[in-house]
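To be precise, the following lines are run.txt, and they hold compact mmCIF, C-alpha atoms.
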# COMPACT_ATOMS: atom_id res chain seq x y z
CA MET H 18 -16.26 -88.21 0.87
CA ASN H 19 -13.35 -89.96 2.51
CA ALA H 20 -12.92 -89.24 6.20
CA ASN H 21 -9.32 -88.27 5.52
CA ASP H 22 -10.54 -85.43 3.31
CA LEU H 23 -11.59 -83.53 6.42
CA ASP H 24 -7.97 -83.28 7.50
CA ARG H 25 -6.68 -81.88 4.23
CA PRO H 26 -5.45 -78.28 4.40
CA THR H 27 -7.15 -75.61 2.35
CA VAL H 28 -5.35 -74.88 -0.92
CA GLU H 29 -5.49 -71.83 -3.12
CA ALA H 30 -6.86 -71.99 -6.67
CA GLU H 31 -3.38 -71.35 -8.11
CA GLN H 32 -2.02 -74.37 -6.24
CA LEU H 33 -4.62 -76.49 -8.00
CA GLY H 34 -3.55 -75.13 -11.34
CA PHE H 35 -6.51 -72.78 -11.85
CA PRO H 36 -5.68 -69.37 -13.37
CA PRO H 37 -6.44 -66.20 -11.34
CA TYR H 38 -9.30 -65.44 -13.75
CA PHE H 39 -11.44 -68.00 -11.92
CA GLU H 40 -11.44 -65.73 -8.86
CA LYS H 41 -14.28 -63.19 -9.10
CA VAL H 42 -13.54 -59.74 -7.70
CA ALA H 43 -15.47 -56.54 -7.02
CA LEU H 44 -13.83 -53.18 -6.22
CA PHE H 45 -15.30 -50.59 -3.86
CA ILE H 46 -13.56 -47.20 -4.04
CA ASP H 47 -14.25 -44.51 -1.46
CA LEU H 48 -13.27 -41.57 -3.69
CA GLY H 49 -13.26 -39.08 -0.82
CA ASN H 50 -10.84 -41.16 1.22
CA LEU H 51 -8.71 -41.92 -1.83
CA TYR H 52 -8.55 -38.23 -2.75
CA PHE H 53 -7.03 -37.25 0.59
CA ALA H 54 -4.60 -40.18 0.49
CA ALA H 55 -3.49 -39.20 -3.02
CA ARG H 56 -3.08 -35.59 -1.93
CA LYS H 57 -0.96 -36.76 0.98
CA LEU H 58 1.23 -38.67 -1.48
CA SER H 59 1.26 -35.73 -3.93
CA ILE H 60 0.07 -37.85 -6.84
CA ARG H 61 -2.81 -37.96 -9.30
CA VAL H 62 -4.31 -41.42 -9.57
CA ASP H 63 -4.65 -43.21 -12.88
CA TYR H 64 -7.92 -44.99 -12.11
CA THR H 65 -7.74 -47.39 -15.03
CA ARG H 66 -4.27 -48.52 -14.05
CA MET H 67 -5.28 -48.80 -10.40
CA VAL H 68 -8.10 -51.19 -11.30
CA GLU H 69 -5.65 -53.34 -13.26
CA ILE H 70 -3.19 -53.46 -10.36
CA LEU H 71 -5.80 -54.27 -7.70
CA THR H 72 -7.52 -56.87 -9.87
CA LYS H 73 -4.23 -58.74 -10.43
CA GLY H 74 -5.50 -60.63 -13.45
CA ARG H 75 -8.60 -61.87 -11.66
CA ARG H 76 -12.11 -61.68 -13.07
CA LEU H 77 -13.55 -58.24 -12.30
CA LEU H 78 -17.33 -58.31 -11.99
CA ARG H 79 -17.92 -54.71 -10.86
CA SER H 80 -15.93 -51.66 -9.88
CA PHE H 81 -17.96 -49.28 -7.70
CA ALA H 82 -16.98 -45.67 -6.97
CA TYR H 83 -18.64 -43.47 -4.33
CA ALA H 84 -18.49 -39.66 -4.32
CA GLY H 85 -20.30 -36.61 -3.06
CA VAL H 86 -21.20 -34.02 -5.69
CA ASP H 87 -21.86 -30.31 -5.41
CA PRO H 88 -25.09 -29.44 -7.28
CA GLN H 89 -23.91 -25.83 -7.42
CA ASN H 90 -20.82 -26.84 -9.38
CA PRO H 91 -21.81 -28.54 -12.67
CA GLU H 92 -18.14 -28.93 -13.62
CA SER H 93 -17.74 -31.47 -10.82
CA GLN H 94 -19.69 -33.95 -12.93
CA GLY H 95 -16.87 -34.14 -15.46
CA TYR H 96 -14.72 -36.74 -13.78
CA LEU H 97 -17.77 -38.80 -12.78
CA THR H 98 -18.88 -38.94 -16.39
CA TRP H 99 -15.42 -40.14 -17.33
CA MET H 100 -15.60 -42.92 -14.75
CA LYS H 101 -19.05 -44.05 -15.91
CA ARG H 102 -17.80 -44.28 -19.46
CA HIS H 103 -14.82 -46.34 -18.37
CA GLY H 104 -16.63 -49.14 -16.60
CA PHE H 105 -17.21 -47.78 -13.08
CA ARG H 106 -20.57 -48.07 -11.36
CA VAL H 107 -20.67 -44.57 -9.89
CA VAL H 108 -22.80 -43.89 -6.81
CA THR H 109 -23.27 -40.25 -5.82
CA LYS H 110 -25.01 -38.14 -3.22
CA HIS H 111 -25.42 -34.36 -3.01
CA LEU H 112 -23.24 -32.60 -0.51
CA ARG H 113 -24.89 -31.19 2.57
CA ARG H 114 -23.66 -27.89 3.93
CA PHE H 115 -23.87 -27.46 7.68
CA PRO H 116 -24.01 -24.24 9.74
CA ASP H 117 -20.47 -24.77 11.03
CA GLY H 118 -19.16 -24.63 7.47
CA THR H 119 -18.50 -28.34 7.01
CA VAL H 120 -19.59 -30.08 3.83
CA LYS H 121 -20.41 -33.77 3.84
CA ALA H 122 -22.03 -36.49 1.76
CA ASN H 123 -21.66 -39.76 3.63
CA LEU H 124 -22.00 -42.77 1.33
CA ASP H 125 -21.04 -45.48 3.83
CA VAL H 126 -24.53 -47.00 3.76
CA GLU H 127 -24.60 -47.15 -0.04
CA LEU H 128 -21.23 -48.86 -0.15
CA ALA H 129 -22.24 -51.33 2.55
CA ILE H 130 -25.48 -52.27 0.78
CA ASP H 131 -23.71 -52.81 -2.54
CA MET H 132 -21.01 -54.99 -1.00
CA LEU H 133 -23.51 -57.13 0.90
CA MET H 134 -25.71 -57.55 -2.17
CA ILE H 135 -22.90 -58.63 -4.47
CA ALA H 136 -21.15 -60.79 -1.84
CA PRO H 137 -22.89 -64.06 -2.89
CA HIS H 138 -21.54 -63.62 -6.43
CA ILE H 139 -17.85 -62.88 -5.72
CA ASP H 140 -14.83 -64.48 -4.11
CA THR H 141 -13.00 -61.29 -3.14
CA ALA H 142 -13.98 -57.71 -2.31
CA VAL H 143 -11.33 -55.01 -2.61
CA LEU H 144 -12.12 -51.99 -0.43
CA VAL H 145 -10.16 -48.81 -1.14
CA SER H 146 -10.74 -46.81 2.02
CA GLY H 147 -9.32 -46.21 5.47
CA ASP H 148 -12.64 -45.52 7.19
CA GLY H 149 -13.00 -47.44 10.46
CA ASP H 150 -16.80 -47.45 10.04
CA PHE H 151 -16.36 -50.30 7.56
CA VAL H 152 -14.96 -52.77 10.11
CA ARG H 153 -18.31 -54.40 10.84
CA LEU H 154 -19.12 -54.49 7.13
CA VAL H 155 -15.89 -56.34 6.41
CA GLU H 156 -16.70 -58.89 9.11
CA ALA H 157 -20.23 -59.39 7.78
CA VAL H 158 -18.96 -60.01 4.25
CA GLN H 159 -16.27 -62.38 5.51
CA PHE H 160 -18.96 -64.40 7.29
CA LYS H 161 -20.48 -64.95 3.84
CA GLY H 162 -17.25 -66.59 2.71
CA VAL H 163 -15.83 -63.57 0.87
CA ARG H 164 -12.19 -62.56 1.18
CA VAL H 165 -11.77 -58.82 1.84
CA GLU H 166 -8.68 -56.90 0.80
CA VAL H 167 -8.25 -53.36 2.11
CA VAL H 168 -6.14 -50.77 0.28
CA GLY H 169 -5.20 -47.47 1.87
CA LEU H 170 -2.56 -45.19 3.26
CA ALA H 171 -1.60 -46.76 6.59
CA GLU H 172 -1.32 -43.46 8.44
CA MET H 173 -4.86 -42.58 7.33
CA THR H 174 -6.40 -46.02 7.84
CA ALA H 175 -8.09 -47.16 11.04
CA MET H 176 -6.03 -49.86 12.75
CA ALA H 177 -9.18 -51.89 13.38
CA LEU H 178 -9.83 -51.98 9.62
CA ILE H 179 -6.28 -53.14 8.92
CA ASP H 180 -6.58 -55.86 11.55
CA VAL H 181 -9.89 -57.25 10.30
CA ALA H 182 -8.91 -57.33 6.60
CA ASP H 183 -7.66 -60.57 5.05
CA THR H 184 -4.87 -58.51 3.50
CA PHE H 185 -3.90 -54.84 3.70
CA THR H 186 -2.08 -53.13 0.84
CA GLU H 187 -0.15 -49.95 1.61
CA LEU H 188 -1.17 -47.40 -1.02
CA SER H 189 2.23 -45.68 -1.01
CA GLU H 190 3.82 -48.89 -2.28
CA LEU H 191 1.59 -48.75 -5.37
CA VAL H 192 2.54 -45.19 -6.32
CA PRO H 193 4.93 -46.12 -9.17
CA ALA H 194 2.20 -48.23 -10.75
CA ILE H 195 -0.92 -46.12 -10.24
CA GLN H 196 0.19 -42.51 -10.50
CA MET H 197 -0.72 -40.64 -13.66
CA THR H 198 2.22 -40.16 -15.97
CA LEU H 199 2.67 -37.56 -18.68
CA PRO H 200 4.12 -37.68 -22.18
CA PRO H 201 7.72 -36.38 -22.50
CA ASN H 202 6.47 -32.95 -23.59
CA GLY H 203 4.47 -32.55 -20.36
CA THR H 204 1.15 -32.12 -22.10
CA ARG H 205 -2.04 -34.10 -22.21
CA ALA H 206 -4.33 -34.46 -25.22
CA THR H 207 -7.77 -32.93 -24.78
CA GLY H 208 -9.62 -34.77 -27.53
CA SER H 209 -8.63 -32.30 -30.25
CA ASP H 210 -5.44 -31.57 -32.16
CA THR H 211 -4.30 -29.17 -29.47
CA ALA H 212 -2.68 -29.93 -26.15
CA THR H 213 -2.84 -27.94 -22.96
CA PRO H 214 0.11 -27.66 -20.53
CA LEU H 215 -0.47 -29.63 -17.35
CA SER H 216 -0.79 -26.95 -14.71
CA HIS H 217 -3.20 -26.40 -11.85
CA ASP H 218 -2.50 -22.70 -12.13
CA SER H 219 -4.23 -22.49 -15.48
CA PRO H 220 -7.82 -21.19 -15.14
CA SER H 221 -8.91 -23.62 -17.87
CA SER H 222 -7.09 -26.63 -16.48
CA PHE H 223 -10.25 -28.37 -15.28
CA ALA H 224 -11.95 -28.18 -18.66
CA ALA H 225 -8.80 -29.40 -20.37
CA TYR H 226 -8.68 -32.75 -18.63
CA GLU H 227 -11.25 -35.47 -19.00
CA THR H 228 -9.75 -37.96 -16.56
CA PRO H 229 -10.94 -38.01 -12.93
CA ALA H 230 -7.44 -37.79 -11.54
CA GLU H 231 -7.20 -34.18 -12.71
CA SER H 232 -10.60 -32.98 -11.59
CA PRO H 233 -10.68 -32.98 -7.74
CA GLU H 234 -7.64 -30.89 -6.93
CA THR H 235 -8.27 -28.44 -9.75
CA VAL H 236 -11.87 -27.86 -8.74
CA ARG H 237 -10.75 -27.29 -5.18
CA ASP H 238 -8.25 -24.68 -6.37
CA GLN H 239 -10.75 -22.85 -8.57
CA LYS H 240 -13.90 -23.08 -6.49
CA GLY H 241 -12.39 -23.13 -3.02
CA SER H 242 -14.63 -26.01 -1.98
CA GLN H 243 -14.59 -29.78 -1.96
CA TYR H 244 -17.16 -32.09 -3.47
CA TYR H 245 -15.99 -35.32 -1.95
CA PRO H 246 -17.66 -37.06 1.01
CA ARG H 247 -15.34 -35.38 3.50
CA THR H 248 -13.80 -31.91 3.44
CA ASN H 249 -11.46 -32.85 6.24
CA PHE H 250 -10.08 -36.31 6.86
CA GLU H 251 -12.19 -38.08 9.46
CA GLY H 252 -10.15 -41.24 10.00
CA LYS H 253 -11.19 -43.14 13.08

Could you spell out this file's structure in structure tokens?
Amino acid sequence: MNANDLDRPTVEAEQLGFPPYFEKVALFIDLGNLYFAARKLSIRVDYTRMVEILTKGRRLLRSFAYAGVDPQNPESQGYLTWMKRHGFRVVTKHLRRFPDGTVKANLDVELAIDMLMIAPHIDTAVLVSGDGDFVRLVEAVQFKGVRVEVVGLAEMTAMALIDVADTFTELSELVPAIQMTLPPNGTRATGSDTATPLSHDSPSSFAAYETPAESPETVRDQKGSQYYPRTNFEGK
């Protein structure tokens, strides 16, 4: 190595002519946090499209999704099954009901373990969450040489998490690209020759949709409970 090499600035792969595909990426989606952000934006997320947008043509090794599930509500498994069949590594935990009425299923530890374990095999970790508890995790992964990108709704994301991230992407700016769109007739195919109008007021609306973007809000309307990690936003 020439001594002058030590003074050369760091260059990105694209500057060297390498395509983005050489950059290995893993996605970590906090479904509870994303649900509340999407509800704030009044959109339903197209998860497949979101993965494409966040990957940006890079090589996706794994896309993890973390969610609490209600064992008393078998219908809540519908959207998780969809995600498993569409390439997501889904990690779940049963909800715990507390005497004060709150319902929680904290999966922070599971997400942290997965990110630390896969860190040696990736170049970039994309964290979709606004939870300030992940600040130390982001730092630990960065110490391993991994770039960490955080995606979230700024008003629901801890400032410390924004500050520690290599880049922060405002979720509201991605709305045109990641929100679920409908055919001109306003219906969505259900796997048969029939189509069901897209309406949360329909008592059969949950069963009619097989994509995860439709499941959370509908189940909340019908069951009156939430099966995500947090029933109320707990941004720090």

With distances taken over only C-alpha atoms, which of H:Gly162, H:Gly49, H:Pro193, H:Gly104 is nearest to H:Val68?
H:Gly104

What gap, in Å, lies between atom CA of H:Leu44 and atom CA of H:Ser189?
18.5 Å

In Å, with one decimal, what is the gap from atom CA of H:Asp87 to atom CA of H:Ala43?
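We find that atom CA of H:Asp87 and atom CA of H:Ala43 lie 27.0 Å from each other.
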
Hey, what's within 9 Å of H:Ala82 if we count all atoms listed in the file and toss same-chain stuff fewer than 4 positions away? As an mmCIF file with C-alpha atoms, keeping the file's coordinate frame, please?
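The result, written out as result-v4.cif:
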data_model
loop_
_atom_site.group_PDB
_atom_site.id
_atom_site.type_symbol
_atom_site.label_atom_id
_atom_site.label_comp_id
_atom_site.auth_asym_id
_atom_site.auth_seq_id
_atom_site.Cartn_x
_atom_site.Cartn_y
_atom_site.Cartn_z
ATOM 1 C CA LEU H 44 -13.830 -53.180 -6.220
ATOM 2 C CA PHE H 45 -15.300 -50.590 -3.860
ATOM 3 C CA ILE H 46 -13.560 -47.200 -4.040
ATOM 4 C CA ASP H 47 -14.250 -44.510 -1.460
ATOM 5 C CA LEU H 48 -13.270 -41.570 -3.690
ATOM 6 C CA MET H 100 -15.600 -42.920 -14.750
ATOM 7 C CA PHE H 105 -17.210 -47.780 -13.080
ATOM 8 C CA ARG H 106 -20.570 -48.070 -11.360
ATOM 9 C CA VAL H 107 -20.670 -44.570 -9.890
ATOM 10 C CA VAL H 108 -22.800 -43.890 -6.810
ATOM 11 C CA THR H 109 -23.270 -40.250 -5.820
ATOM 12 C CA LEU H 128 -21.230 -48.860 -0.150
#

Rounded to one decimal in Å, what is the spacing between atom CA of H:Ile135 and atom CA of H:Gly149?
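A separation of 21.1 Å between them.
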
Using all atoms listed in the file, find the one residue out of H:Lys110, H:Trp99, H:Met197, H:Leu71 that sits nearest to H:Phe185.
H:Leu71

Between H:Phe160, H:Glu69, H:Asp117, H:Met134, which one has atoms that come closest to H:Leu191, using all atoms listed in the file?
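Of H:Phe160, H:Glu69, H:Asp117, H:Met134, the one nearest H:Leu191 is H:Glu69, counting all atoms listed in the file.
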
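Candidate residues H:Arg75, H:Arg153, H:Arg66, H:Arg114 were compared for distance to H:Ile139, and the nearest is H:Arg75, using all atoms listed in the file.
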
May I have the residues within 12 Å of H:Asp180 as a ChimeraX atom specification, using only C-alpha atoms and disregarding those fewer than 2 positions away in the same chain?
/H:147,149,151-153,155-156,165-167,171,174-178,182-186

Starting from the incomplete input, reconstruct N, CA, C and O atoms of stretch 181-198 of chain H and report them as a PDB file, in the coordinates of the input.
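The resulting rebuild_33.pdb:
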ATOM      1  N   VAL H 181      -8.806 -56.355  10.677  1.00  0.00           N
ATOM      2  CA  VAL H 181      -9.890 -57.250  10.300  1.00  0.00           C
ATOM      3  C   VAL H 181      -9.772 -57.713   8.841  1.00  0.00           C
ATOM      4  O   VAL H 181     -10.337 -58.754   8.472  1.00  0.00           O
ATOM      5  N   ALA H 182      -9.030 -56.986   8.017  1.00  0.00           N
ATOM      6  CA  ALA H 182      -8.910 -57.330   6.600  1.00  0.00           C
ATOM      7  C   ALA H 182      -8.118 -58.627   6.419  1.00  0.00           C
ATOM      8  O   ALA H 182      -7.227 -58.947   7.217  1.00  0.00           O
ATOM      9  N   ASP H 183      -8.438 -59.368   5.366  1.00  0.00           N
ATOM     10  CA  ASP H 183      -7.660 -60.570   5.050  1.00  0.00           C
ATOM     11  C   ASP H 183      -6.257 -60.174   4.614  1.00  0.00           C
ATOM     12  O   ASP H 183      -5.283 -60.843   4.946  1.00  0.00           O
ATOM     13  N   THR H 184      -6.174 -59.084   3.850  1.00  0.00           N
ATOM     14  CA  THR H 184      -4.870 -58.510   3.500  1.00  0.00           C
ATOM     15  C   THR H 184      -5.007 -56.999   3.468  1.00  0.00           C
ATOM     16  O   THR H 184      -6.077 -56.478   3.166  1.00  0.00           O
ATOM     17  N   PHE H 185      -3.928 -56.307   3.793  1.00  0.00           N
ATOM     18  CA  PHE H 185      -3.900 -54.840   3.700  1.00  0.00           C
ATOM     19  C   PHE H 185      -2.770 -54.450   2.770  1.00  0.00           C
ATOM     20  O   PHE H 185      -1.635 -54.901   2.931  1.00  0.00           O
ATOM     21  N   THR H 186      -3.079 -53.609   1.797  1.00  0.00           N
ATOM     22  CA  THR H 186      -2.080 -53.130   0.840  1.00  0.00           C
ATOM     23  C   THR H 186      -1.817 -51.657   1.112  1.00  0.00           C
ATOM     24  O   THR H 186      -2.733 -50.839   1.099  1.00  0.00           O
ATOM     25  N   GLU H 187      -0.560 -51.333   1.371  1.00  0.00           N
ATOM     26  CA  GLU H 187      -0.150 -49.950   1.610  1.00  0.00           C
ATOM     27  C   GLU H 187      -0.167 -49.193   0.282  1.00  0.00           C
ATOM     28  O   GLU H 187       0.532 -49.550  -0.674  1.00  0.00           O
ATOM     29  N   LEU H 188      -0.985 -48.150   0.220  1.00  0.00           N
ATOM     30  CA  LEU H 188      -1.170 -47.400  -1.020  1.00  0.00           C
ATOM     31  C   LEU H 188       0.137 -46.778  -1.514  1.00  0.00           C
ATOM     32  O   LEU H 188       0.380 -46.718  -2.721  1.00  0.00           O
ATOM     33  N   SER H 189       0.983 -46.331  -0.595  1.00  0.00           N
ATOM     34  CA  SER H 189       2.230 -45.680  -1.010  1.00  0.00           C
ATOM     35  C   SER H 189       3.126 -46.621  -1.805  1.00  0.00           C
ATOM     36  O   SER H 189       3.914 -46.181  -2.649  1.00  0.00           O
ATOM     37  N   GLU H 190       3.006 -47.925  -1.560  1.00  0.00           N
ATOM     38  CA  GLU H 190       3.820 -48.890  -2.280  1.00  0.00           C
ATOM     39  C   GLU H 190       3.358 -49.071  -3.729  1.00  0.00           C
ATOM     40  O   GLU H 190       4.095 -49.600  -4.566  1.00  0.00           O
ATOM     41  N   LEU H 191       2.129 -48.617  -4.022  1.00  0.00           N
ATOM     42  CA  LEU H 191       1.590 -48.750  -5.370  1.00  0.00           C
ATOM     43  C   LEU H 191       1.814 -47.509  -6.226  1.00  0.00           C
ATOM     44  O   LEU H 191       1.478 -47.502  -7.409  1.00  0.00           O
ATOM     45  N   VAL H 192       2.385 -46.466  -5.623  1.00  0.00           N
ATOM     46  CA  VAL H 192       2.540 -45.190  -6.320  1.00  0.00           C
ATOM     47  C   VAL H 192       3.188 -45.321  -7.690  1.00  0.00           C
ATOM     48  O   VAL H 192       2.669 -44.771  -8.676  1.00  0.00           O
ATOM     49  N   PRO H 193       4.310 -46.035  -7.836  1.00  0.00           N
ATOM     50  CA  PRO H 193       4.930 -46.120  -9.170  1.00  0.00           C
ATOM     51  C   PRO H 193       4.006 -46.709 -10.225  1.00  0.00           C
ATOM     52  O   PRO H 193       4.139 -46.395 -11.412  1.00  0.00           O
ATOM     53  N   ALA H 194       3.065 -47.544  -9.795  1.00  0.00           N
ATOM     54  CA  ALA H 194       2.200 -48.230 -10.750  1.00  0.00           C
ATOM     55  C   ALA H 194       0.899 -47.498 -11.034  1.00  0.00           C
ATOM     56  O   ALA H 194       0.337 -47.632 -12.121  1.00  0.00           O
ATOM     57  N   ILE H 195       0.412 -46.712 -10.073  1.00  0.00           N
ATOM     58  CA  ILE H 195      -0.920 -46.120 -10.240  1.00  0.00           C
ATOM     59  C   ILE H 195      -0.932 -44.623 -10.451  1.00  0.00           C
ATOM     60  O   ILE H 195      -1.977 -44.053 -10.751  1.00  0.00           O
ATOM     61  N   GLN H 196       0.209 -43.956 -10.314  1.00  0.00           N
ATOM     62  CA  GLN H 196       0.190 -42.510 -10.500  1.00  0.00           C
ATOM     63  C   GLN H 196       0.113 -42.170 -11.974  1.00  0.00           C
ATOM     64  O   GLN H 196       0.644 -42.883 -12.827  1.00  0.00           O
ATOM     65  N   MET H 197      -0.565 -41.074 -12.277  1.00  0.00           N
ATOM     66  CA  MET H 197      -0.720 -40.640 -13.660  1.00  0.00           C
ATOM     67  C   MET H 197       0.602 -40.131 -14.178  1.00  0.00           C
ATOM     68  O   MET H 197       1.290 -39.353 -13.530  1.00  0.00           O
ATOM     69  N   THR H 198       0.982 -40.607 -15.351  1.00  0.00           N
ATOM     70  CA  THR H 198       2.220 -40.160 -15.970  1.00  0.00           C
ATOM     71  C   THR H 198       1.902 -39.310 -17.184  1.00  0.00           C
ATOM     72  O   THR H 198       0.815 -39.394 -17.764  1.00  0.00           O
TER      73      THR H 198
END
